[in-house]
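To keep things clear, I will list the structure first and then write my remarks on it.
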Amino acid sequence: MERTASDSWFTKRMMRLTHFEKWLMDRPQRIQRAEREALALFGIINLPPQPRCLEIGCGHGIVTRLLVERFMARVMATDLDPAQLALARERLADIQENVQFRVADAREMPFDETQFDGVFSFGVLHHLPGGWRRAVAETARVLSPGGWFVFTDLVLAPGAGRVVQQLLPQLDPLEETALRACLTAHGLRLVHYEHDSGPWGAIMRWCTAVAQKV
Ligand SMILES: C[S@@+](CC[C@H](N)C(=O)[O-])C[C@H]1O[C@@H](n2cnc3c(N)ncnc32)[C@H](O)[C@@H]1O
């Protein structure tokens, strides 16, 4: 992979979850929220029978399981962290015929073009400052025409993004306006985008979204 700002120390640090973050990911309330969000987004998309799905940053496999249960999908479950993937493999043992596991970097996916009917990313892109644009480009590349990109993420609000851009132009964190523009530039048309409006909404927002490859 060509060396870029996304190979900075900060990006590498952000991509590797701490023990505390892994503990947070595994809390029942967090899992229930992720499942609720995933199921609501699944209601928006329209997949063929036994769809070919890719999950990036699958963690321990919450969304992978839902994809199999809801769509009878054949899922390629990927994560950069082999330990997370090992945990996913263990927890998804009962549905292993439908799932393949692979260590893979979302910024450089080891898959052919137009190979998947859906790409799923839950809480992953904000871990890739300086690298999320490449993950979006890769998503567009591996999706079949009409395929779906379903994601949730923590995005910087536009005003906060402008401040960060002025102070730290190299950083390129996940920011709402840039994310929308990047999706469009790669032929991914947003059909759903919502974000919460909590007390931090002017700075950071949690978004749920669906885009379709045109
Ligand atoms: C916040 S966790 C979310 C896990 C899972 N999607 C969920 O909702 O439970 C982010 C995940 O992204 C993975 N990750 C970070 N950087 C990545 C990269 N460049 N490529 C693929 N996965 C990555 C982490 O290892 C971690 O498992």
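Note on naming: chains are A, B, ... as they come in the structure tokens, residues start from 1 per chain, ligands start from 1 in the order shown.
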With 8 Å as the cut-off and only C-alpha atoms and all ligand atoms counted, what is the closest atom pair between each nearby residue of chain A and ligand 1? Distances in Å to one decimal, ordered by chain and number, as a tab-separated table.
residue	atom	partner	partner_atom_place_in_ligand_line	distance
A:Met14	CA	ligand 1	15 (C)	7.3
A:Met15	CA	ligand 1	16 (N)	3.8
A:Arg16	CA	ligand 1	25 (O)	5.8
A:Leu17	CA	ligand 1	25 (O)	6.0
A:Glu21	CA	ligand 1	1 (C)	7.4
A:Lys22	CA	ligand 1	2 (S)	7.5
A:Met25	CA	ligand 1	9 (O)	5.9
A:Asp26	CA	ligand 1	9 (O)	7.5
A:Ile31	CA	ligand 1	9 (O)	7.0
A:Ala34	CA	ligand 1	8 (O)	6.2
A:Glu55	CA	ligand 1	6 (N)	7.9
A:Ile56	CA	ligand 1	21 (C)	5.4
A:Gly57	CA	ligand 1	22 (N)	3.5
A:Cys58	CA	ligand 1	6 (N)	4.2
A:Gly59	CA	ligand 1	27 (O)	3.6
A:His60	CA	ligand 1	9 (O)	6.1
A:Gly61	CA	ligand 1	9 (O)	6.4
A:Ile62	CA	ligand 1	9 (O)	5.7
A:Val63	CA	ligand 1	8 (O)	6.7
A:Thr78	CA	ligand 1	21 (C)	6.5
A:Asp79	CA	ligand 1	22 (N)	4.0
A:Leu80	CA	ligand 1	22 (N)	4.2
A:Asp81	CA	ligand 1	25 (O)	4.6
A:Gln84	CA	ligand 1	27 (O)	5.8
A:Leu85	CA	ligand 1	27 (O)	7.9
A:Val103	CA	ligand 1	21 (C)	7.8
A:Ala104	CA	ligand 1	21 (C)	5.8
A:Asp105	CA	ligand 1	20 (N)	3.6
A:Ala106	CA	ligand 1	20 (N)	3.8
A:Arg107	CA	ligand 1	19 (N)	5.8
A:Ser121	CA	ligand 1	6 (N)	6.1
A:Phe122	CA	ligand 1	6 (N)	4.2
A:Gly123	CA	ligand 1	1 (C)	4.8
A:Val124	CA	ligand 1	10 (C)	4.5
A:Leu125	CA	ligand 1	16 (N)	7.6
A:His127	CA	ligand 1	15 (C)	5.6
A:Leu128	CA	ligand 1	16 (N)	6.1
A:Gly131	CA	ligand 1	19 (N)	7.7
A:Ala135	CA	ligand 1	19 (N)	7.9
Using only C-alpha atoms, find each residue of region 5-81 of chain A with at least one atom at most 10 Å away from an atom of region 179-193 of chain A; report its shortest atom-to-atom pair and that distance in Å (one decimal), sort the rows by chain and rising residue number, and return the result as a tab-separated table.
residue	atom	partner	partner_atom	distance
A:Leu41	CA	A:His192	CA	8.6
A:Ile44	CA	A:His192	CA	8.2
A:Ile45	CA	A:Val191	CA	9.5
_From A:Val214, A:Arg89, A:Ala73, A:Asp153, residue lying nearest Ala140 (chain A) [only C-alpha atoms]_ = A:Val214
*Enter the distance from CA of Leu174 (chain A) to CA of Gly161 (chain A), in Å, rounded to one decimal.*
8.4 Å
_So, with only C-alpha atoms as the atoms that count, which of A:Ala160, A:Leu92, A:Ala77, A:Leu154 lies closest to Arg205 (chain A)?_
A:Leu154
*Could you tell me which of A:Val150, A:Leu67, A:Leu168, A:Val155 comes closest to Ala209 (chain A) if we count only C-alpha atoms?*
A:Val150
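Distances from A:Ser197, A:Gln29, A:Gln212, A:Asn46 to Gly147 (chain A) were compared using only C-alpha atoms, and the smallest one belongs to A:Gln212.
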